[in-house]
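Here the structure is laid out as structure tokens; the discussion comes afterwards.
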Amino acid sequence: MKHIYDVEVLPLPAPSAVSSLPTEERAKVLDLLFEPSTQLHTLSVPLLHSETFSTYPDLIAAVGAQLSALADSPSTSDAKWLEDILSSHPRLGAKKVESEQSAAEQAQLKGSAEEAAALQKLNEEYEVKFPGLRYVVFVNGRSRQEVMKDMRTRIDGGDLSGERIAAIRAMSTQEVTIPKHTVLVFFARPVSDNNNKHDDEDFEECLLASS
């Protein structure tokens, strides 16, 4: 199957320097890589101090592992903590967003007023179906129609645990570029659109690092 590859650039300090940054600066790194979230700061700012990462994919994977641990936990408080982190992601189609990453994603979803209204309705339906969550997907070149089809599939699927996992995967999908050290994460997606189901086979990830 043929694929097209997409990348995104974010300005960040060298990953090996993150552990020596002040607490506030480590929180800003998390804000750039994920979304501004007090709960994520509490969870992962200490990790970024206690461990030194040679690449950003390693750092992102470590934070992703923390989120996955919350998803696997039987504790209701852990589930609530995770939902608070995941819901920090803005609704697709929102006019006001906090992070540069989300602003870039939202810019890819421009469409007609009718499409905007339909997207808002799907967002509301999703949040009723999955209380405490927001629909999160790695947009990366997908059209508004493709995203809306994916939303409908996931709403109809009704898999709460699967939605948490999908949100973690989407929030952990990054490409980062920094002075004298570049890490590119290439995301492959099928050119053909034989089906609209969103699953692990829809994307394959390849990490390349250069310095």
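Chain identifiers are assigned as A, B, and so on, following the order in which chains appear in the structure tokens; residues are numbered from 1 within each chain, and ligands are numbered from 1 in order of appearance.
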
Which of region 3-76 of chain A DSSP labels strand (DSSP E), written as a PyMOL selection string: chain A and resi 3-6

Shell around region 42-48 of chain A at 8 Å using only C-alpha atoms, local window under 6 positions removed, as a ChimeraX atom specification: /A:18-19,23,26-27,30,59,63,66

Best match for closeness to Ala117 (chain A) among A:Leu92, A:Leu67, A:Ala79, A:Ala17, counting only C-alpha atoms: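 The closest residue to Ala117 (chain A) is A:Leu92.
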
Atomic distance CA of Arg134 (chain A) - CA of His89 (chain A), expressed in Å with one decimal: 7.1 Å
